[in-house]
file structure_13.pdb (PDB, C-alpha atoms, pLDDT in the B column)
ATOM      1  CA  MET A 115     -81.022  46.706 193.950  1.00 50.00           C
ATOM      2  CA  GLY A 116     -78.622  45.862 196.772  1.00 52.00           C
ATOM      3  CA  GLN A 117     -78.816  47.268 200.279  1.00 52.00           C
ATOM      4  CA  ALA A 118     -75.637  49.337 199.837  1.00 51.00           C
ATOM      5  CA  LYS A 119     -76.973  50.918 196.630  1.00 57.00           C
ATOM      6  CA  ARG A 120     -80.298  51.761 198.325  1.00 58.00           C
ATOM      7  CA  LYS A 121     -78.444  53.409 201.214  1.00 53.00           C
ATOM      8  CA  LYS A 122     -76.197  55.338 198.839  1.00 54.00           C
ATOM      9  CA  ASP A 123     -79.166  56.497 196.763  1.00 61.00           C
ATOM     10  CA  ALA A 124     -80.826  57.651 200.004  1.00 57.00           C
ATOM     11  CA  GLY A 125     -77.780  59.790 200.805  1.00 53.00           C
ATOM     12  CA  ALA A 126     -76.301  57.551 203.512  1.00 53.00           C
ATOM     13  CA  ARG A 127     -72.520  57.238 203.866  1.00 50.00           C
ATOM     14  CA  ILE A 128     -71.459  53.809 202.628  1.00 58.00           C
ATOM     15  CA  SER A 129     -68.328  52.196 204.008  1.00 71.00           C
ATOM     16  CA  TRP A 130     -66.487  49.234 202.542  1.00 80.00           C
ATOM     17  CA  CYS A 131     -65.584  48.372 206.143  1.00 84.00           C
ATOM     18  CA  ARG A 132     -69.140  47.235 206.950  1.00 84.00           C
ATOM     19  CA  THR A 133     -68.956  46.490 210.693  1.00 86.00           C
ATOM     20  CA  CYS A 134     -65.242  45.646 210.723  1.00 90.00           C
ATOM     21  CA  THR A 135     -63.204  47.383 213.416  1.00 91.00           C
ATOM     22  CA  TYR A 136     -60.123  45.125 213.375  1.00 94.00           C
ATOM     23  CA  CYS A 137     -57.824  48.093 212.700  1.00 92.00           C
ATOM     24  CA  CYS A 138     -59.295  49.775 215.809  1.00 92.00           C
ATOM     25  CA  GLU A 139     -58.944  46.679 217.994  1.00 93.00           C
ATOM     26  CA  LEU A 140     -55.935  44.574 217.055  1.00 94.00           C
ATOM     27  CA  PRO A 141     -52.931  46.891 216.510  1.00 94.00           C
ATOM     28  CA  GLU A 142     -51.245  49.206 218.952  1.00 92.00           C
ATOM     29  CA  ILE A 143     -52.183  52.851 218.323  1.00 90.00           C
ATOM     30  CA  GLY A 144     -49.549  54.973 220.041  1.00 89.00           C
ATOM     31  CA  PRO A 145     -51.235  58.399 219.743  1.00 86.00           C
ATOM     32  CA  LEU A 146     -54.270  56.974 221.565  1.00 85.00           C
ATOM     33  CA  ASP A 147     -52.194  55.025 224.141  1.00 90.00           C
ATOM     34  CA  LYS A 148     -54.026  51.916 222.937  1.00 91.00           C
ATOM     35  CA  PRO A 149     -52.212  48.599 223.382  1.00 92.00           C
ATOM     36  CA  MET A 150     -52.617  45.695 220.992  1.00 93.00           C
ATOM     37  CA  TYR A 151     -55.797  43.627 221.351  1.00 93.00           C
ATOM     38  CA  ARG A 152     -57.674  46.289 223.288  1.00 92.00           C
ATOM     39  CA  PRO A 153     -60.541  48.001 221.441  1.00 92.00           C
ATOM     40  CA  CYS A 154     -60.087  51.712 220.881  1.00 92.00           C
ATOM     41  CA  ALA A 155     -62.213  53.809 223.225  1.00 91.00           C
ATOM     42  CA  SER A 156     -63.550  55.665 220.174  1.00 89.00           C
ATOM     43  CA  ILE A 157     -65.372  52.619 218.729  1.00 89.00           C
ATOM     44  CA  LYS A 158     -69.105  53.247 218.732  1.00 87.00           C
ATOM     45  CA  ASP A 159     -71.872  51.493 216.818  1.00 83.00           C
ATOM     46  CA  HIS A 160     -69.372  49.332 214.876  1.00 80.00           C
ATOM     47  CA  GLY A 161     -67.334  52.320 213.732  1.00 82.00           C
ATOM     48  CA  CYS A 162     -65.166  55.233 214.767  1.00 83.00           C
ATOM     49  CA  ALA A 163     -66.967  57.876 216.820  1.00 83.00           C
ATOM     50  CA  ILE A 164     -64.233  60.439 216.026  1.00 83.00           C
ATOM     51  CA  PHE A 165     -64.142  59.734 212.283  1.00 76.00           C
ATOM     52  CA  GLY A 166     -63.767  63.070 210.496  1.00 75.00           C
ATOM     53  CA  GLN A 167     -63.154  64.903 213.794  1.00 82.00           C
ATOM     54  CA  PRO A 168     -60.025  66.971 214.550  1.00 86.00           C
ATOM     55  CA  GLU A 169     -59.115  64.736 217.500  1.00 85.00           C
ATOM     56  CA  ARG A 170     -58.753  61.686 215.244  1.00 84.00           C
ATOM     57  CA  PRO A 171     -55.004  60.896 215.158  1.00 87.00           C
ATOM     58  CA  SER A 172     -53.098  61.200 211.903  1.00 87.00           C
ATOM     59  CA  ALA A 173     -52.094  57.533 212.231  1.00 86.00           C
ATOM     60  CA  CYS A 174     -55.773  56.614 211.934  1.00 87.00           C
ATOM     61  CA  LEU A 175     -56.426  59.093 209.133  1.00 84.00           C
ATOM     62  CA  ALA A 176     -53.598  57.667 207.039  1.00 84.00           C
ATOM     63  CA  TYR A 177     -54.333  53.970 207.576  1.00 89.00           C
ATOM     64  CA  GLN A 178     -56.096  51.687 205.089  1.00 90.00           C
ATOM     65  CA  CYS A 179     -56.005  47.901 205.151  1.00 94.00           C
ATOM     66  CA  ALA A 180     -55.275  46.144 201.841  1.00 96.00           C
ATOM     67  CA  TYR A 181     -58.975  45.351 201.337  1.00 95.00           C
ATOM     68  CA  LEU A 182     -60.070  48.963 201.732  1.00 92.00           C
ATOM     69  CA  SER A 183     -57.151  50.336 199.729  1.00 93.00           C
ATOM     70  CA  ALA A 184     -57.875  47.964 196.822  1.00 94.00           C
ATOM     71  CA  ARG A 185     -61.476  49.143 196.671  1.00 92.00           C
ATOM     72  CA  LEU A 186     -60.779  52.844 197.048  1.00 90.00           C
ATOM     73  CA  THR A 187     -58.141  52.765 194.299  1.00 93.00           C
ATOM     74  CA  ASN A 188     -60.091  50.340 192.073  1.00 93.00           C
ATOM     75  CA  SER A 189     -57.035  48.079 192.083  1.00 94.00           C
ATOM     76  CA  PRO A 190     -56.986  44.870 190.007  1.00 94.00           C
ATOM     77  CA  ASP A 191     -56.572  43.069 193.379  1.00 93.00           C
ATOM     78  CA  ARG A 192     -59.962  44.311 194.649  1.00 91.00           C
ATOM     79  CA  ASN A 193     -61.621  40.958 193.907  1.00 92.00           C
ATOM     80  CA  ARG A 194     -58.690  38.876 195.174  1.00 94.00           C
ATOM     81  CA  ILE A 195     -58.484  40.336 198.675  1.00 96.00           C
ATOM     82  CA  PRO A 196     -61.300  39.098 200.929  1.00 96.00           C
ATOM     83  CA  HIS A 197     -63.100  41.346 203.375  1.00 95.00           C
ATOM     84  CA  PRO A 198     -61.343  41.130 206.772  1.00 96.00           C
ATOM     85  CA  LEU A 199     -64.479  39.819 208.498  1.00 95.00           C
ATOM     86  CA  ASP A 200     -64.719  37.024 205.927  1.00 96.00           C
ATOM     87  CA  ALA A 201     -61.022  36.175 206.255  1.00 97.00           C
ATOM     88  CA  GLY A 202     -60.714  36.443 210.046  1.00 96.00           C
ATOM     89  CA  ALA A 203     -57.682  38.679 209.514  1.00 97.00           C
ATOM     90  CA  TYR A 204     -56.625  41.889 207.855  1.00 96.00           C
ATOM     91  CA  PHE A 205     -53.349  42.999 206.382  1.00 97.00           C
ATOM     92  CA  HIS A 206     -51.539  45.892 204.780  1.00 96.00           C
ATOM     93  CA  ARG A 207     -48.340  46.459 202.869  1.00 95.00           C
ATOM     94  CA  ASP A 208     -45.678  48.387 204.744  1.00 93.00           C
ATOM     95  CA  PRO A 209     -45.191  51.668 202.882  1.00 89.00           C
ATOM     96  CA  LEU A 210     -41.380  51.513 203.124  1.00 92.00           C
ATOM     97  CA  GLU A 211     -40.344  47.855 203.249  1.00 94.00           C
ATOM     98  CA  ARG A 212     -41.159  44.842 201.050  1.00 96.00           C
ATOM     99  CA  ILE A 213     -43.294  43.327 203.769  1.00 97.00           C
ATOM    100  CA  TYR A 214     -46.952  42.677 204.442  1.00 97.00           C
ATOM    101  CA  VAL A 215     -48.242  42.810 208.019  1.00 97.00           C
ATOM    102  CA  MET A 216     -51.239  40.642 208.927  1.00 98.00           C
ATOM    103  CA  PHE A 217     -53.271  40.815 212.138  1.00 97.00           C
ATOM    104  CA  VAL A 218     -55.272  37.683 212.964  1.00 97.00           C
ATOM    105  CA  ASP A 219     -58.595  37.898 214.807  1.00 96.00           C
ATOM    106  CA  PRO A 220     -57.937  36.137 218.169  1.00 96.00           C
ATOM    107  CA  ALA A 221     -61.604  35.107 218.345  1.00 94.00           C
ATOM    108  CA  ARG A 222     -61.244  33.215 215.018  1.00 94.00           C
ATOM    109  CA  PRO A 223     -57.527  32.460 214.772  1.00 95.00           C
ATOM    110  CA  LEU A 224     -57.738  29.659 212.231  1.00 96.00           C
ATOM    111  CA  ALA A 225     -60.319  31.213 209.868  1.00 96.00           C
ATOM    112  CA  TRP A 226     -57.736  32.974 207.708  1.00 97.00           C
ATOM    113  CA  LYS A 227     -56.062  29.667 206.845  1.00 97.00           C
ATOM    114  CA  THR A 228     -59.047  28.556 204.762  1.00 96.00           C
ATOM    115  CA  SER A 229     -59.900  31.947 203.280  1.00 96.00           C
ATOM    116  CA  ASP A 230     -59.046  33.644 200.003  1.00 95.00           C
ATOM    117  CA  ILE A 231     -56.340  35.582 201.831  1.00 96.00           C
ATOM    118  CA  VAL A 232     -54.021  32.541 201.518  1.00 98.00           C
ATOM    119  CA  PRO A 233     -53.473  32.533 197.731  1.00 97.00           C
ATOM    120  CA  TYR A 234     -52.999  36.298 197.735  1.00 97.00           C
ATOM    121  CA  LEU A 235     -50.320  36.191 200.462  1.00 97.00           C
ATOM    122  CA  ARG A 236     -48.662  33.097 198.968  1.00 98.00           C
ATOM    123  CA  ALA A 237     -48.294  34.992 195.669  1.00 97.00           C
ATOM    124  CA  ARG A 238     -46.719  37.973 197.470  1.00 97.00           C
ATOM    125  CA  LEU A 239     -44.193  35.646 199.138  1.00 98.00           C
ATOM    126  CA  GLN A 240     -43.355  34.167 195.714  1.00 98.00           C
ATOM    127  CA  GLU A 241     -42.710  37.735 194.504  1.00 97.00           C
ATOM    128  CA  GLY A 242     -40.082  38.185 197.230  1.00 97.00           C
ATOM    129  CA  PHE A 243     -42.145  39.979 199.864  1.00 98.00           C
ATOM    130  CA  GLU A 244     -41.990  38.990 203.522  1.00 98.00           C
ATOM    131  CA  LEU A 245     -45.008  38.522 205.778  1.00 98.00           C
ATOM    132  CA  LEU A 246     -45.257  39.404 209.450  1.00 97.00           C
ATOM    133  CA  ILE A 247     -48.138  37.584 211.146  1.00 98.00           C
ATOM    134  CA  LEU A 248     -49.395  38.888 214.498  1.00 97.00           C
ATOM    135  CA  ASP A 249     -51.525  36.202 216.108  1.00 97.00           C
ATOM    136  CA  ARG A 250     -52.569  35.791 219.761  1.00 96.00           C
ATOM    137  CA  GLY A 251     -49.547  37.470 221.268  1.00 95.00           C
ATOM    138  CA  ARG A 252     -47.069  35.986 218.803  1.00 96.00           C
ATOM    139  CA  ARG A 253     -45.073  37.500 215.956  1.00 97.00           C
ATOM    140  CA  MET A 254     -44.161  35.197 213.094  1.00 96.00           C
ATOM    141  CA  ALA A 255     -41.811  36.462 210.385  1.00 97.00           C
ATOM    142  CA  VAL A 256     -42.458  34.510 207.203  1.00 97.00           C
ATOM    143  CA  THR A 257     -39.763  34.751 204.567  1.00 97.00           C
ATOM    144  CA  SER A 258     -40.593  31.799 202.332  1.00 97.00           C
ATOM    145  CA  VAL A 259     -43.516  29.884 200.889  1.00 97.00           C
ATOM    146  CA  LEU A 260     -42.206  26.757 202.638  1.00 97.00           C
ATOM    147  CA  LEU A 261     -42.510  28.413 206.071  1.00 96.00           C
ATOM    148  CA  PHE A 262     -45.925  29.822 205.107  1.00 97.00           C
ATOM    149  CA  GLU A 263     -47.128  26.293 204.247  1.00 97.00           C
ATOM    150  CA  ALA A 264     -45.854  25.030 207.617  1.00 95.00           C
ATOM    151  CA  ILE A 265     -47.811  27.768 209.416  1.00 96.00           C
ATOM    152  CA  LEU A 266     -50.922  26.863 207.414  1.00 96.00           C
ATOM    153  CA  ALA A 267     -50.573  23.202 208.362  1.00 96.00           C
ATOM    154  CA  ARG A 268     -50.135  23.722 212.093  1.00 94.00           C
ATOM    155  CA  ASP A 269     -51.344  26.133 214.755  1.00 94.00           C
ATOM    156  CA  MET A 270     -47.919  27.526 215.611  1.00 94.00           C
ATOM    157  CA  VAL A 271     -49.347  29.762 218.342  1.00 94.00           C
ATOM    158  CA  ALA A 272     -50.917  26.797 220.153  1.00 92.00           C
ATOM    159  CA  PHE A 273     -47.653  24.902 219.746  1.00 91.00           C
ATOM    160  CA  ALA A 274     -45.616  27.773 221.262  1.00 93.00           C
ATOM    161  CA  ASP A 275     -48.144  28.128 224.097  1.00 91.00           C
ATOM    162  CA  GLN A 276     -47.977  24.388 224.791  1.00 91.00           C
ATOM    163  CA  GLU A 277     -44.188  24.606 225.012  1.00 92.00           C
ATOM    164  CA  GLY A 278     -44.488  27.505 227.471  1.00 92.00           C
ATOM    165  CA  ARG A 279     -42.663  30.023 225.283  1.00 93.00           C
ATOM    166  CA  PRO A 280     -43.071  33.655 226.388  1.00 93.00           C
ATOM    167  CA  HIS A 281     -45.345  35.883 224.314  1.00 94.00           C
ATOM    168  CA  ASP A 282     -43.813  38.387 221.900  1.00 94.00           C
ATOM    169  CA  ILE A 283     -46.517  40.983 222.540  1.00 93.00           C
ATOM    170  CA  GLU A 284     -46.615  42.167 226.149  1.00 89.00           C
ATOM    171  CA  SER A 285     -50.266  43.217 226.160  1.00 88.00           C
ATOM    172  CA  TRP A 286     -51.585  39.803 225.062  1.00 93.00           C
ATOM    173  CA  PRO A 287     -51.795  38.019 228.449  1.00 91.00           C
ATOM    174  CA  ALA A 288     -53.903  40.849 229.910  1.00 90.00           C
ATOM    175  CA  GLU A 289     -56.250  40.878 226.896  1.00 90.00           C
ATOM    176  CA  ALA A 290     -56.416  37.122 226.186  1.00 91.00           C
ATOM    177  CA  ALA A 291     -59.421  36.583 228.484  1.00 89.00           C
ATOM    178  CA  ARG A 292     -61.559  38.714 226.137  1.00 87.00           C
ATOM    179  CA  TYR A 293     -61.264  36.047 223.441  1.00 86.00           C
ATOM    180  CA  PRO A 294     -62.778  32.565 223.647  1.00 76.00           C
ATOM    181  CA  ARG A 295     -60.320  29.697 223.652  1.00 67.00           C
ATOM    182  CA  GLN A 296     -60.214  27.893 220.322  1.00 55.00           C
ATOM    183  CA  ALA A 297     -60.262  24.105 220.180  1.00 45.00           C
TER     184      ALA A 297
END
call {"tool": "encode", "arguments": {"input": "structure_13.pdb", "output": "structure tokens"}}
result
Amino acid sequence: MGQAKRKKDAGARISWCRTCTYCCELPEIGPLDKPMYRPCASIKDHGCAIFGQPERPSACLAYQCAYLSARLTNSPDRNRIPHPLDAGAYFHRDPLERIYVMFVDPARPLAWKTSDIVPYLRARLQEGFELLILDRGRRMAVTSVLLFEAILARDMVAFADQEGRPHDIESWPAEAARYPRQA
């Protein structure tokens, strides 16, 4: 019997998130005045300390990354979407537009490029979706498989930094020191 099944049988709350808190660290959360790349003040013991509490913002209550959503809905994609900690990134589909939004872990910015997230996102691009990648203070709008392949082949963020281009996300320079520099 697996550890999760033992915990569940013992009455413990089981979360598909494991110790992932990317959605509490990487995006901006307006109702909490939390800028991008700064951990939410409510993170405690690898989870949300206000989970299930009235003070938890509706934006947090409503949010599910693609990995979590696929598992909770028993979607056919549940075995195609890697866990965010395994992929080094997490993503979700915009509820209104034909776009996926992906946040890359600044501590492991290249990990997603060799993960199972790539074929899944490539297939969505082939279906006509767009992809917005948020990576180390940069926004990259991907509208074609050709551009996606170029991003996979090269560290576009390092290239933009080397050229001295300004960051797209204002909070990145202040938070960048929290993340080790990647070689």
call {"tool": "residues_around", "arguments": {"input": "structure_13.pdb", "residues": "region 129-140 of chain A", "least_positions_apart": "5", "cutoff": "10 Å", "atoms": "all atoms listed in the file", "output": "number ranges by chain"}}
result
A: 118, 122, 148-162, 174, 177-179, 181-183, 185-186, 197-200, 202-205, 217-220, 248-250
call {"tool": "resolve_selection", "arguments": {"input": "structure_13.pdb", "expression": "the PyMOL selection byres ((chain A and resi 212) around 6)", "output": "PDB file with C-alpha atoms, keeping the file's coordinate frame"}}
result
ATOM      1  CA  GLU A 211     -40.344  47.855 203.249  1.00 94.00           C
ATOM      2  CA  ILE A 213     -43.294  43.327 203.769  1.00 97.00           C
ATOM      3  CA  PHE A 243     -42.145  39.979 199.864  1.00 98.00           C
TER       4      PHE A 243
END
call {"tool": "atom_distance", "arguments": {"input": "structure_13.pdb", "atom1": "CA of Ala274 (chain A)", "atom2": "CA of Thr228 (chain A)"}}
result
21.3 Å
call {"tool": "atom_distance", "arguments": {"input": "structure_13.pdb", "atom1": "CA of His206 (chain A)", "atom2": "CA of Arg279 (chain A)"}}
result
27.4 Å
call {"tool": "atom_distance", "arguments": {"input": "structure_13.pdb", "atom1": "CA of Leu246 (chain A)", "atom2": "CA of Phe165 (chain A)"}}
result
27.9 Å
call {"tool": "axis_aligned_box", "arguments": {"input": "structure_13.pdb", "around": "region 182-194 of chain A", "padding_each_side": "8 Å", "output": "AutoDock Vina command-line options"}}
result
--center_x -59.1 --center_y 45.9 --center_z 195.9 --size_x 21.0 --size_y 30.0 --size_z 27.7
call {"tool": "residues_around", "arguments": {"input": "structure_13.pdb", "residues": "Leu175 (chain A)", "least_positions_apart": "4", "cutoff": "9 Å", "atoms": "all atoms listed in the file", "output": "list of chain:residue names"}}
result
A:Phe165, A:Gly166, A:Arg170, A:Pro171
call {"tool": "write_last_selection", "arguments": {"input": "structure_13.pdb", "atoms": "C-alpha atoms", "output": "mmCIF file, in the frame of the given file"}}
result
data_model
loop_
_atom_site.group_PDB
_atom_site.id
_atom_site.type_symbol
_atom_site.label_atom_id
_atom_site.label_comp_id
_atom_site.auth_asym_id
_atom_site.auth_seq_id
_atom_site.Cartn_x
_atom_site.Cartn_y
_atom_site.Cartn_z
ATOM 1 C CA PHE A 165 -64.142 59.734 212.283
ATOM 2 C CA GLY A 166 -63.767 63.070 210.496
ATOM 3 C CA ARG A 170 -58.753 61.686 215.244
ATOM 4 C CA PRO A 171 -55.004 60.896 215.158
#
call {"tool": "resolve_selection", "arguments": {"input": "structure_13.pdb", "expression": "the PyMOL selection byres ((chain A and resi 285) around 8)", "output": "ChimeraX atom specification"}}
result
/A:149-151,251,283-284,286-289
call {"tool": "closest_residue", "arguments": {"input": "structure_13.pdb", "among": "A:Gly242, A:Pro168, A:Pro196, A:Pro294", "to": "Arg222 (chain A)", "atoms": "all atoms listed in the file"}}
result
A:Pro294
call {"tool": "resolve_selection", "arguments": {"input": "structure_13.pdb", "expression": "the PyMOL selection byres ((chain A and resi 145) around 9)", "output": "mmCIF file with C-alpha atoms, keeping the file's coordinate frame"}}
result
data_model
loop_
_atom_site.group_PDB
_atom_site.id
_atom_site.type_symbol
_atom_site.label_atom_id
_atom_site.label_comp_id
_atom_site.auth_asym_id
_atom_site.auth_seq_id
_atom_site.Cartn_x
_atom_site.Cartn_y
_atom_site.Cartn_z
ATOM 1 C CA ILE A 143 -52.183 52.851 218.323
ATOM 2 C CA GLY A 144 -49.549 54.973 220.041
ATOM 3 C CA LEU A 146 -54.270 56.974 221.565
ATOM 4 C CA ASP A 147 -52.194 55.025 224.141
ATOM 5 C CA LYS A 148 -54.026 51.916 222.937
ATOM 6 C CA PRO A 171 -55.004 60.896 215.158
ATOM 7 C CA SER A 172 -53.098 61.200 211.903
ATOM 8 C CA ALA A 173 -52.094 57.533 212.231
#
call {"tool": "closest_residue", "arguments": {"input": "structure_13.pdb", "among": "A:Gln276, A:Gln167, A:Ser258, A:Ser189", "to": "Arg236 (chain A)", "atoms": "all atoms listed in the file"}}
result
A:Ser258
call {"tool": "closest_residue", "arguments": {"input": "structure_13.pdb", "among": "A:Arg252, A:Arg194, A:His281, A:Arg292", "to": "Val232 (chain A)", "atoms": "all atoms listed in the file"}}
result
A:Arg194
call {"tool": "residues_near_point", "arguments": {"input": "structure_13.pdb", "point": "(-52.6, 27.3, 217.2)", "cutoff": "10 Å", "atoms": "all atoms listed in the file", "output": "ChimeraX atom specification"}}
result
/A:223-224,249-250,265-276,296-297
call {"tool": "closest_residue", "arguments": {"input": "structure_13.pdb", "among": "A:Gln240, A:Leu261, A:Arg207, A:Ser229", "to": "Ala184 (chain A)", "atoms": "only C-alpha atoms"}}
result
A:Arg207
call {"tool": "residues_near_point", "arguments": {"input": "structure_13.pdb", "point": "(-46.2, 39.8, 209.0)", "cutoff": "7 Å", "atoms": "only C-alpha atoms", "output": "list of chain:residue names"}}
result
A:Ile213, A:Tyr214, A:Val215, A:Met216, A:Glu244, A:Leu245, A:Leu246, A:Ile247, A:Leu248, A:Met254, A:Ala255, A:Val256
